[in-house]
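J.: I'd like to ask you about the structure that follows.
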Number of protein chains: 2
Amino acid sequence: MLWYNRTMGFSFTVTSRDPKTRARCGVISTPHGDIMTPAFVPVGTQASVKSLSPLELNTLGVQIFFVNTYHTYLRPGLAVIKKAGGLHGFMDWKKPLITDSGGFQVFSLARPKYTPADRGEDVPSLVTITEDGVEFRSHWDGSLHVFTAESSMQWQWELGSDIHIAFDDCTSYPATRSAAEKSMERTHRWLLRSIAAHVKLSKAYKSKSKPYQALYGVVQGSVYKELREKSAQYVAGLQTDGIAIGGVSVGESKKEMRSVLSWVLPHLPDNKPRHLLGVGEIDDIFALIESGMDTFDCVQPTRLARMGRLLVRKAGHNEIDITNKIWAMDMGPVEKNCSCYTCTHFTRAYIHHLFRVRELLAYRLATIHNIHFIHTLVSEIRDAIPKGKLVEMKKKWGYNR
Amino acid sequence: MLWYNRTMGFSFTVTSRDPKTRARCGVISTPHGDIMTPAFVPVGTQASVKSLSPLELNTLGVQIFFVNTYHTYLRPGLAVIKKAGGLHGFMDWKKPLITDSGGFQVFSLARPKYTPADRGEDVPSLVTITEDGVEFRSHWDGSLHVFTAESSMQWQWELGSDIHIAFDDCTSYPATRSAAEKSMERTHRWLLRSIAAHVKLSKAYKSKSKPYQALYGVVQGSVYKELREKSAQYVAGLQTDGIAIGGVSVGESKKEMRSVLSWVLPHLPDNKPRHLLGVGEIDDIFALIESGMDTFDCVQPTRLARMGRLLVRKAGHNEIDITNKIWAMDMGPVEKNCSCYTCTHFTRAYIHHLFRVRELLAYRLATIHNIHFIHTLVSEIRDAIPKGKLVEMKKKWGYNR
């Protein structure tokens, strides 16, 4: 069975714009179907959106999700995914997929934030960065691996995702201006190599009737205006299918997200889709869409769910902790008027109970609600933009910042 | 919304019989619907069949499931379930339910199998059995509770299950003849009290238009023929809606199941449904149905699933361990020709991966398959009995014992 459209490549069309902000609606077309933007992209780190089946993802209206190359490269390994015909076949997911380069996890997982070295101890680093790429030890079994621009492109082709992210040097936070500049420049050099590898692979795979797989370049530059502008201009000038913004999800830089986006976005071409890597908490969504972002992935809604923190429409405090005793006798749904499976079938009291006794169903019901919640919000935003009502809607939601 | 039929009471009709064994098909009618027998009864210990939603239970053809009074009494407690209108409303389950008396868990959980006392240490027991009932400390928080025939009946009425089990003294294994006899006699005295309490409650609740809730008496007697026969005759002579057989699931007594059933069943009235408590491993199913049992509950298929042990049609060895490396690259379904969601959508390789990285979806896909497997088996048995083909079918399955 063919799970993709042979003749369809990758394209992006802006369909409407908000008159008061940079927000826009559009359609990203891929061989596995269309993505209506703006779109929230849930994360399926290890080739599964935690607790949910593909059937549920479809019911929830998930258009695309994110899989981590680093995780799937280590476990189960690429051989089995290749044998399954790529991630789509492996996971039984027929719609679009996006993968990252693996770089972010190499930097964040293989290099723990607080190492014994921070305490002045002399231990060997798990990561060695050279101009060629990154050598690291698996956080699972300590085995040695090398990621380069070329191997990252190769692996993403084998995973078969619809959108690939170029291999970048994910700038750590905080970074001095000089360190941020070096990291950005390396990111640019690696982008050139990523593009060259991608072009080569595209030719090689065309003969095998593999669907076209798109490549997004990554903008870095930490929290420095000049660097972000330079990086945006550089990436904008190259031949990629879309542009991703990196280095915003780590540490304090997220607080500076609005500034970073205001520096970068004016330099990006209007006709390419833009993805914000690792950002998408409820608080961020209006700001990033108003800045002109089209898609954004984030583990927060699904991670919160597994902790029993359920999203609700209440300005300034968008969640309830369902594990709190105050819900033990509450016969209402998590959220009134919510049309998700969880809210239309179960009470707060029941979900509270499931969490207290650690029943597996708890995590699923919570995840269903949180994804439904964020999808409903983004879908309302997609409706508001063509009507010029985004700012009004934002006020209704209580986001006046 | 009324989740039950006001006018419908409880009834049982035998619809066909196997000419060569005691096996029979029938229909148990309850206010929450019918149960076609023989029927496997999955267990939802803590008010949830682990990892599954009510929607999935329906899709799997689950007709009734078992909830433990002891667990729900302790957590979340009866007050919240009462407020939710009973277990049906609390769990969003519209079909029949069966609850136990709580006795079994009091005896097995509150009284650990190997206590420090077994090692000659002087520690206070968690359980005190008197003629009145059982005083015990919660295995969760050590709080003190008393279960009696009257309170067990009261609580099961509040839980609102369709079938209640009388409060019995669950005979431990091994038991001397004398201990088994004492335990059996206490079970009989408690049964009289259970019936009296049940009759009283039925009257009290009739005025509130609560649906009729049935009561099953329990046969005990350990592995002693004379005691089992005596107990069967005694329970058969009393006014209950059905009869349950207890004390077979513990320890070595399960090996003697066939003997126990051959002693008990001839003494049970033909017109009452019979439930076997806590037995229903794949190996047992033909034997217990051939003995004339109508329903049987067992945690094994769902518990095995969560360990990655998946049921397959292979005589003598009915399961595969999906966590074994041999499945890592296997692109086939768990079982060929299986029509469950798991087998029609996912490969052994993918499920293997989910188990290895402990993704929550693993437990669900495995549970779906195992329940589907056992339901398919029992459903085939229900088809074979009226055609007189049970023995033939059993041979095909490789069960010639």
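By order of appearance in the structure tokens: chains A, B, ..., then residues from 1 within every chain, and ligands from 1 in the order shown.
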As a CSV table (one decimal) with C-alpha atoms, in the first residue's frame, please: chain A after a least-squares superposition onto chain B using all C-alpha atoms matched in order.
T.:
chain,number,residue,atom,x,y,z
A,1,MET,CA,-29.8,9.5,31.8
A,2,LEU,CA,-30.9,6.1,32.9
A,3,TRP,CA,-28.2,3.5,32.3
A,4,TYR,CA,-30.4,0.5,33.1
A,5,ASN,CA,-33.7,-1.0,32.4
A,6,ARG,CA,-36.1,-0.3,35.3
A,7,THR,CA,-38.4,-3.2,34.6
A,8,MET,CA,-35.8,-5.8,33.9
A,9,GLY,CA,-34.7,-8.0,36.8
A,10,PHE,CA,-32.2,-10.8,36.7
A,11,SER,CA,-32.7,-14.1,34.8
A,12,PHE,CA,-30.8,-16.9,33.3
A,13,THR,CA,-31.8,-19.1,30.4
A,14,VAL,CA,-29.8,-22.1,29.1
A,15,THR,CA,-30.0,-22.0,25.3
A,16,SER,CA,-28.1,-25.1,24.3
A,17,ARG,CA,-25.9,-27.9,25.6
A,18,ASP,CA,-22.9,-29.9,24.5
A,19,PRO,CA,-23.9,-33.5,24.1
A,20,LYS,CA,-20.6,-34.9,25.2
A,21,THR,CA,-19.7,-32.7,28.2
A,22,ARG,CA,-21.5,-30.6,30.8
A,23,ALA,CA,-20.8,-27.4,28.8
A,24,ARG,CA,-23.8,-25.2,28.1
A,25,CYS,CA,-24.7,-21.9,26.4
A,26,GLY,CA,-27.0,-19.4,28.0
A,27,VAL,CA,-28.0,-15.8,28.5
A,28,ILE,CA,-27.8,-14.0,31.8
A,29,SER,CA,-30.2,-11.0,31.6
A,30,THR,CA,-29.5,-8.0,33.9
A,31,PRO,CA,-30.9,-4.4,34.0
A,32,HIS,CA,-27.7,-3.3,32.2
A,33,GLY,CA,-28.1,-5.9,29.4
A,34,ASP,CA,-27.5,-9.5,28.5
A,35,ILE,CA,-24.4,-11.7,28.9
A,36,MET,CA,-24.0,-14.5,26.4
A,37,THR,CA,-22.4,-17.4,28.2
A,38,PRO,CA,-20.0,-19.0,28.6
A,39,ALA,CA,-18.2,-15.7,29.1
A,40,PHE,CA,-14.8,-14.6,30.1
A,41,VAL,CA,-14.9,-11.7,32.6
A,42,PRO,CA,-11.9,-9.3,32.5
A,43,VAL,CA,-11.0,-7.6,35.8
A,44,GLY,CA,-11.0,-3.8,36.4
A,45,THR,CA,-9.5,-4.0,39.9
A,46,GLN,CA,-9.4,-0.3,40.7
A,47,ALA,CA,-12.4,0.7,38.6
A,48,SER,CA,-10.5,0.5,35.3
A,49,VAL,CA,-9.5,-2.4,33.2
A,50,LYS,CA,-5.9,-1.5,33.1
A,51,SER,CA,-4.9,0.6,30.0
A,52,LEU,CA,-8.3,0.3,28.3
A,53,SER,CA,-11.1,2.8,27.9
A,54,PRO,CA,-14.8,1.8,28.0
A,55,LEU,CA,-14.9,2.5,24.3
A,56,GLU,CA,-12.2,-0.1,23.7
A,57,LEU,CA,-13.9,-2.6,26.0
A,58,ASN,CA,-17.0,-2.2,23.9
A,59,THR,CA,-15.2,-2.6,20.6
A,60,LEU,CA,-13.5,-5.8,22.1
A,61,GLY,CA,-17.0,-7.2,22.8
A,62,VAL,CA,-16.5,-7.2,26.6
A,63,GLN,CA,-20.0,-8.0,28.0
A,64,ILE,CA,-19.3,-7.6,31.7
A,65,PHE,CA,-16.3,-6.9,33.9
A,66,PHE,CA,-15.3,-7.5,37.5
A,67,VAL,CA,-14.5,-4.7,40.0
A,68,ASN,CA,-13.0,-5.4,43.4
A,69,THR,CA,-15.0,-4.1,46.3
A,70,TYR,CA,-11.9,-4.0,48.6
A,71,HIS,CA,-9.9,-1.8,46.3
A,72,THR,CA,-12.7,0.7,45.4
A,73,TYR,CA,-13.8,0.8,49.1
A,74,LEU,CA,-10.3,1.9,50.0
A,75,ARG,CA,-9.6,4.1,47.0
A,76,PRO,CA,-11.4,6.2,45.9
A,77,GLY,CA,-13.8,5.3,48.7
A,78,LEU,CA,-17.6,4.6,48.4
A,79,ALA,CA,-18.7,8.2,49.0
A,80,VAL,CA,-17.5,9.4,45.6
A,81,ILE,CA,-18.8,6.4,43.7
A,82,LYS,CA,-22.2,6.8,45.4
A,83,LYS,CA,-22.2,10.5,44.4
A,84,ALA,CA,-21.5,9.4,40.8
A,85,GLY,CA,-24.5,7.1,40.9
A,86,GLY,CA,-22.5,3.9,41.3
A,87,LEU,CA,-19.7,2.3,39.4
A,88,HIS,CA,-21.5,2.5,36.1
A,89,GLY,CA,-21.6,6.2,36.2
A,90,PHE,CA,-18.2,6.6,37.8
A,91,MET,CA,-16.4,4.6,35.1
A,92,ASP,CA,-18.8,5.4,32.2
A,93,TRP,CA,-19.6,1.8,31.7
A,94,LYS,CA,-23.1,1.0,30.5
A,95,LYS,CA,-23.1,-2.8,30.5
A,96,PRO,CA,-23.2,-5.3,33.3
A,97,LEU,CA,-20.7,-5.4,36.2
A,98,ILE,CA,-19.9,-7.9,38.9
A,99,THR,CA,-18.3,-7.1,42.2
A,100,ASP,CA,-16.8,-9.4,44.8
A,101,SER,CA,-17.4,-9.3,48.5
A,102,GLY,CA,-14.0,-7.8,49.4
A,103,GLY,CA,-13.2,-10.9,51.4
A,104,PHE,CA,-10.6,-12.4,49.0
A,105,GLN,CA,-8.5,-9.2,49.0
A,106,VAL,CA,-8.8,-8.8,52.8
A,107,PHE,CA,-7.4,-12.3,53.2
A,108,SER,CA,-4.8,-12.1,50.5
A,109,LEU,CA,-3.6,-8.5,50.5
A,110,ALA,CA,-4.1,-7.5,54.1
A,111,ARG,CA,-2.5,-10.8,55.1
A,112,PRO,CA,0.7,-11.2,53.1
A,113,LYS,CA,1.6,-14.7,52.0
A,114,TYR,CA,5.0,-14.6,53.6
A,115,THR,CA,4.9,-12.5,56.8
A,116,PRO,CA,7.7,-12.0,59.2
A,117,ALA,CA,5.6,-14.3,61.4
A,118,ASP,CA,6.5,-17.1,58.9
A,119,ARG,CA,10.1,-16.5,59.9
A,120,GLY,CA,9.2,-16.9,63.5
A,121,GLU,CA,9.1,-13.2,64.2
A,122,ASP,CA,6.5,-11.8,66.5
A,123,VAL,CA,4.4,-9.3,64.6
A,124,PRO,CA,0.8,-8.3,64.9
A,125,SER,CA,-1.4,-9.7,62.2
A,126,LEU,CA,-3.1,-7.2,59.8
A,127,VAL,CA,-6.2,-9.3,59.9
A,128,THR,CA,-8.5,-10.5,62.8
A,129,ILE,CA,-11.3,-12.9,61.9
A,130,THR,CA,-14.2,-13.2,64.2
A,131,GLU,CA,-17.7,-14.7,63.8
A,132,ASP,CA,-18.9,-11.2,63.1
A,133,GLY,CA,-16.5,-10.5,60.2
A,134,VAL,CA,-13.0,-9.4,59.4
A,135,GLU,CA,-11.1,-6.5,60.9
A,136,PHE,CA,-8.1,-5.5,58.9
A,137,ARG,CA,-5.6,-2.7,58.2
A,138,SER,CA,-5.5,-1.2,54.8
A,139,HIS,CA,-2.5,-2.3,52.7
A,140,TRP,CA,-2.2,1.3,51.6
A,141,ASP,CA,-2.2,3.4,54.7
A,142,GLY,CA,-2.6,1.0,57.7
A,143,SER,CA,-6.0,2.4,58.5
A,144,LEU,CA,-8.4,0.1,60.4
A,145,HIS,CA,-11.5,-1.3,58.7
A,146,VAL,CA,-14.2,-4.0,59.4
A,147,PHE,CA,-15.9,-6.0,56.7
A,148,THR,CA,-18.9,-8.1,57.6
A,149,ALA,CA,-21.6,-9.9,55.5
A,150,GLU,CA,-23.9,-6.9,56.1
A,151,SER,CA,-21.4,-4.2,55.2
A,152,SER,CA,-20.2,-6.1,52.1
A,153,MET,CA,-23.8,-6.3,50.9
A,154,GLN,CA,-24.4,-2.7,51.7
A,155,TRP,CA,-21.3,-1.6,49.8
A,156,GLN,CA,-22.0,-3.7,46.8
A,157,TRP,CA,-25.4,-2.2,46.6
A,158,GLU,CA,-23.9,1.2,46.7
A,159,LEU,CA,-21.4,0.3,44.0
A,160,GLY,CA,-24.4,-0.7,42.0
A,161,SER,CA,-23.0,-3.7,40.3
A,162,ASP,CA,-25.4,-6.2,38.6
A,163,ILE,CA,-24.0,-9.2,40.3
A,164,HIS,CA,-22.8,-9.3,44.0
A,165,ILE,CA,-20.8,-12.0,45.6
A,166,ALA,CA,-21.8,-13.2,49.1
A,167,PHE,CA,-19.3,-12.5,51.9
A,168,ASP,CA,-17.2,-15.6,52.4
A,169,ASP,CA,-14.3,-16.8,54.5
A,170,CYS,CA,-11.8,-17.4,51.7
A,171,THR,CA,-10.1,-20.7,52.7
A,172,SER,CA,-6.4,-20.3,52.5
A,173,TYR,CA,-4.2,-22.9,50.8
A,174,PRO,CA,-2.9,-25.3,51.9
A,175,ALA,CA,-5.5,-25.9,54.6
A,176,THR,CA,-6.0,-28.9,56.8
A,177,ARG,CA,-9.3,-30.7,56.5
A,178,SER,CA,-10.4,-29.3,59.9
A,179,ALA,CA,-9.4,-25.8,59.0
A,180,ALA,CA,-11.2,-26.1,55.6
A,181,GLU,CA,-14.3,-27.3,57.3
A,182,LYS,CA,-14.4,-24.5,59.8
A,183,SER,CA,-13.9,-22.0,57.0
A,184,MET,CA,-16.6,-23.6,54.9
A,185,GLU,CA,-19.1,-23.6,57.8
A,186,ARG,CA,-18.3,-19.9,58.5
A,187,THR,CA,-18.8,-19.2,54.8
A,188,HIS,CA,-22.3,-20.9,55.1
A,189,ARG,CA,-23.3,-18.9,58.1
A,190,TRP,CA,-22.1,-15.7,56.4
A,191,LEU,CA,-24.0,-16.6,53.4
A,192,LEU,CA,-27.2,-16.7,55.4
A,193,ARG,CA,-26.4,-13.3,56.7
A,194,SER,CA,-25.5,-12.0,53.2
A,195,ILE,CA,-28.9,-13.2,51.9
A,196,ALA,CA,-30.8,-11.6,54.8
A,197,ALA,CA,-29.0,-8.3,54.2
A,198,HIS,CA,-29.5,-8.6,50.4
A,199,VAL,CA,-33.3,-9.1,50.8
A,200,LYS,CA,-33.5,-6.1,53.1
A,201,LEU,CA,-31.6,-3.9,50.8
A,202,SER,CA,-33.6,-5.1,47.8
A,203,LYS,CA,-36.8,-3.9,49.5
A,204,ALA,CA,-35.2,-0.7,50.6
A,205,TYR,CA,-33.9,0.2,47.2
A,206,LYS,CA,-37.0,-0.9,45.2
A,207,SER,CA,-38.8,2.2,46.2
A,208,LYS,CA,-35.9,4.3,44.7
A,209,SER,CA,-36.2,2.6,41.4
A,210,LYS,CA,-32.7,1.2,41.7
A,211,PRO,CA,-32.2,-1.7,39.3
A,212,TYR,CA,-32.3,-5.2,40.7
A,213,GLN,CA,-28.9,-6.5,41.7
A,214,ALA,CA,-28.3,-10.2,41.9
A,215,LEU,CA,-26.6,-12.2,44.6
A,216,TYR,CA,-24.4,-15.2,44.1
A,217,GLY,CA,-23.6,-17.6,47.0
A,218,VAL,CA,-20.1,-19.0,47.3
A,219,VAL,CA,-19.1,-22.7,47.5
A,220,GLN,CA,-15.9,-23.3,49.5
A,221,GLY,CA,-14.4,-26.6,50.9
A,222,SER,CA,-10.8,-26.4,49.7
A,223,VAL,CA,-9.5,-29.6,48.0
A,224,TYR,CA,-11.7,-32.0,50.1
A,225,LYS,CA,-14.3,-33.9,48.1
A,226,GLU,CA,-16.7,-34.3,51.0
A,227,LEU,CA,-16.5,-30.7,52.0
A,228,ARG,CA,-17.0,-29.4,48.4
A,229,GLU,CA,-20.0,-31.6,47.9
A,230,LYS,CA,-21.5,-30.6,51.2
A,231,SER,CA,-20.9,-26.9,50.4
A,232,ALA,CA,-22.3,-27.2,46.9
A,233,GLN,CA,-25.5,-28.9,48.3
A,234,TYR,CA,-25.8,-26.3,51.0
A,235,VAL,CA,-25.4,-23.3,48.7
A,236,ALA,CA,-27.7,-24.9,46.1
A,237,GLY,CA,-30.5,-25.2,48.6
A,238,LEU,CA,-30.6,-21.4,49.4
A,239,GLN,CA,-32.3,-18.6,47.6
A,240,THR,CA,-29.6,-16.9,45.5
A,241,ASP,CA,-29.6,-15.7,41.9
A,242,GLY,CA,-26.5,-17.6,41.0
A,243,ILE,CA,-23.6,-19.6,42.5
A,244,ALA,CA,-19.9,-18.8,42.6
A,245,ILE,CA,-17.1,-21.3,43.3
A,246,GLY,CA,-14.3,-19.8,45.4
A,247,GLY,CA,-11.0,-20.9,46.7
A,248,VAL,CA,-9.8,-22.5,43.5
A,249,SER,CA,-7.6,-19.7,42.3
A,250,VAL,CA,-5.1,-19.8,45.2
A,251,GLY,CA,-1.9,-21.7,45.2
A,252,GLU,CA,-1.8,-25.3,44.2
A,253,SER,CA,-5.5,-25.7,44.4
A,254,LYS,CA,-5.7,-24.5,40.8
A,255,LYS,CA,-4.0,-27.7,39.7
A,256,GLU,CA,-6.9,-29.5,41.3
A,257,MET,CA,-9.5,-27.4,39.6
A,258,ARG,CA,-10.8,-30.2,37.5
A,259,SER,CA,-11.4,-32.4,40.5
A,260,VAL,CA,-13.1,-29.6,42.5
A,261,LEU,CA,-15.4,-28.7,39.6
A,262,SER,CA,-16.3,-32.4,39.1
A,263,TRP,CA,-17.3,-32.7,42.8
A,264,VAL,CA,-19.2,-29.4,42.9
A,265,LEU,CA,-21.1,-29.1,39.6
A,266,PRO,CA,-23.4,-32.1,39.8
A,267,HIS,CA,-24.9,-30.6,43.0
A,268,LEU,CA,-25.7,-27.2,41.5
A,269,PRO,CA,-29.2,-26.4,40.1
A,270,ASP,CA,-29.3,-26.3,36.4
A,271,ASN,CA,-31.3,-23.1,36.2
A,272,LYS,CA,-28.8,-20.9,38.0
A,273,PRO,CA,-25.7,-19.3,36.5
A,274,ARG,CA,-22.4,-20.4,37.8
A,275,HIS,CA,-19.3,-18.2,38.2
A,276,LEU,CA,-15.7,-19.4,38.8
A,277,LEU,CA,-13.8,-16.9,40.9
A,278,GLY,CA,-10.4,-15.9,39.7
A,279,VAL,CA,-9.7,-18.7,37.2
A,280,GLY,CA,-9.4,-18.3,33.5
A,281,GLU,CA,-6.0,-18.8,32.2
A,282,ILE,CA,-6.0,-20.0,28.6
A,283,ASP,CA,-5.1,-23.6,29.8
A,284,ASP,CA,-8.1,-23.7,32.1
A,285,ILE,CA,-10.8,-22.4,29.7
A,286,PHE,CA,-11.9,-25.6,28.0
A,287,ALA,CA,-11.8,-27.6,31.2
A,288,LEU,CA,-13.9,-25.2,33.2
A,289,ILE,CA,-16.5,-24.7,30.4
A,290,GLU,CA,-16.7,-28.5,29.9
A,291,SER,CA,-17.4,-28.8,33.6
A,292,GLY,CA,-20.4,-26.6,33.2
A,293,MET,CA,-19.2,-23.1,34.3
A,294,ASP,CA,-20.9,-20.1,32.7
A,295,THR,CA,-18.7,-17.2,33.6
A,296,PHE,CA,-15.2,-16.8,35.0
A,297,ASP,CA,-13.0,-13.9,35.8
A,298,CYS,CA,-9.2,-13.8,35.7
A,299,VAL,CA,-6.5,-11.1,35.6
A,300,GLN,CA,-4.1,-13.3,33.7
A,301,PRO,CA,-4.7,-12.2,30.1
A,302,THR,CA,-4.4,-8.5,31.0
A,303,ARG,CA,-1.5,-9.0,33.4
A,304,LEU,CA,0.4,-11.1,30.9
A,305,ALA,CA,-0.1,-8.3,28.4
A,306,ARG,CA,1.5,-5.7,30.5
A,307,MET,CA,4.5,-8.0,30.9
A,308,GLY,CA,4.7,-8.2,27.1
A,309,ARG,CA,3.5,-11.8,27.0
A,310,LEU,CA,1.1,-12.1,24.1
A,311,LEU,CA,-1.4,-14.9,23.5
A,312,VAL,CA,-1.1,-16.9,20.3
A,313,ARG,CA,-2.7,-20.1,18.9
A,314,LYS,CA,0.0,-22.6,19.5
A,315,ALA,CA,-0.8,-25.7,21.5
A,316,GLY,CA,1.1,-26.2,24.7
A,317,HIS,CA,2.8,-22.8,24.5
A,318,ASN,CA,0.2,-20.1,24.0
A,319,GLU,CA,2.2,-17.0,24.3
A,320,ILE,CA,5.2,-15.2,22.9
A,321,ASP,CA,7.4,-12.8,24.9
A,322,ILE,CA,7.4,-9.7,22.7
A,323,THR,CA,10.2,-8.1,24.7
A,324,ASN,CA,12.5,-10.9,23.4
A,325,LYS,CA,15.1,-9.6,20.9
A,326,ILE,CA,14.1,-12.2,18.3
A,327,TRP,CA,11.1,-10.0,17.5
A,328,ALA,CA,13.1,-6.8,17.0
A,329,MET,CA,13.0,-7.0,13.2
A,330,ASP,CA,9.8,-9.0,12.7
A,331,MET,CA,7.4,-7.3,10.3
A,332,GLY,CA,4.5,-9.7,10.9
A,333,PRO,CA,1.6,-9.1,13.2
A,334,VAL,CA,1.5,-10.6,16.7
A,335,GLU,CA,-0.8,-13.2,15.2
A,336,LYS,CA,-1.7,-13.9,11.6
A,337,ASN,CA,-5.4,-13.6,10.8
A,338,CYS,CA,-6.1,-11.9,14.1
A,339,SER,CA,-8.6,-9.2,13.5
A,340,CYS,CA,-7.8,-7.1,16.6
A,341,TYR,CA,-6.7,-3.4,16.3
A,342,THR,CA,-3.1,-4.3,17.4
A,343,CYS,CA,-2.6,-7.1,14.8
A,344,THR,CA,-4.3,-5.2,11.9
A,345,HIS,CA,-2.2,-2.1,12.4
A,346,PHE,CA,1.2,-2.9,14.1
A,347,THR,CA,4.1,-5.2,13.7
A,348,ARG,CA,5.8,-7.4,16.3
A,349,ALA,CA,8.9,-5.1,15.7
A,350,TYR,CA,7.0,-2.0,16.6
A,351,ILE,CA,5.4,-3.5,19.7
A,352,HIS,CA,8.8,-4.9,20.7
A,353,HIS,CA,10.2,-1.4,20.4
A,354,LEU,CA,7.4,0.1,22.5
A,355,PHE,CA,8.0,-2.4,25.3
A,356,ARG,CA,11.8,-1.9,25.2
A,357,VAL,CA,11.5,1.9,25.6
A,358,ARG,CA,8.5,1.5,28.0
A,359,GLU,CA,6.1,3.6,25.9
A,360,LEU,CA,2.6,3.6,27.4
A,361,LEU,CA,1.0,2.5,24.1
A,362,ALA,CA,2.8,-0.9,24.6
A,363,TYR,CA,0.6,-2.0,27.5
A,364,ARG,CA,-2.6,-1.0,25.7
A,365,LEU,CA,-1.8,-2.7,22.4
A,366,ALA,CA,-0.8,-5.9,24.2
A,367,THR,CA,-4.0,-5.8,26.4
A,368,ILE,CA,-6.2,-5.3,23.4
A,369,HIS,CA,-4.7,-8.3,21.7
A,370,ASN,CA,-4.9,-10.6,24.7
A,371,ILE,CA,-8.5,-9.7,25.5
A,372,HIS,CA,-9.4,-10.1,21.9
A,373,PHE,CA,-7.7,-13.4,21.8
A,374,ILE,CA,-9.5,-14.9,24.8
A,375,HIS,CA,-12.8,-13.4,23.6
A,376,THR,CA,-12.4,-15.0,20.2
A,377,LEU,CA,-11.7,-18.3,21.8
A,378,VAL,CA,-14.7,-18.2,24.1
A,379,SER,CA,-16.9,-16.9,21.3
A,380,GLU,CA,-15.8,-19.9,19.1
A,381,ILE,CA,-16.7,-22.1,22.1
A,382,ARG,CA,-20.2,-20.5,22.2
A,383,ASP,CA,-20.6,-21.3,18.5
A,384,ALA,CA,-19.3,-24.9,18.9
A,385,ILE,CA,-21.6,-25.9,21.8
A,386,PRO,CA,-25.0,-25.8,20.0
A,387,LYS,CA,-23.4,-27.6,17.0
A,388,GLY,CA,-22.0,-30.4,19.3
A,389,LYS,CA,-18.5,-29.5,18.1
A,390,LEU,CA,-16.8,-28.5,21.4
A,391,VAL,CA,-14.6,-31.6,21.7
A,392,GLU,CA,-13.6,-31.4,18.1
A,393,MET,CA,-12.7,-27.7,18.5
A,394,LYS,CA,-10.7,-28.4,21.6
A,395,LYS,CA,-8.6,-30.9,19.7
A,396,LYS,CA,-8.0,-28.4,16.9
A,397,TRP,CA,-6.7,-26.0,19.6
A,398,GLY,CA,-4.4,-28.8,20.8
A,399,TYR,CA,-6.0,-29.3,24.2
A,400,ASN,CA,-6.4,-33.0,24.5
A,401,ARG,CA,-6.1,-33.2,28.2
J.: Enumerate the residues of stretch 30-147 of chain B with a DSSP assignment of strand (DSSP E or B), computed from the backbone, and present them as a ChimeraX atom specification.
T.: /B:30,33-37,39-41,43,65-67,97-99,127-129,133-137,144-147
J.: Just the helix (DSSP H, G or I) stuff from stretch 39-77 of chain A, please, per backbone DSSP, written as a list of chain:residue names.
T.: A:Pro54, A:Leu55, A:Glu56, A:Leu57, A:Asn58, A:Thr59, A:Thr69, A:Tyr70, A:His71, A:Thr72, A:Tyr73, A:Leu74
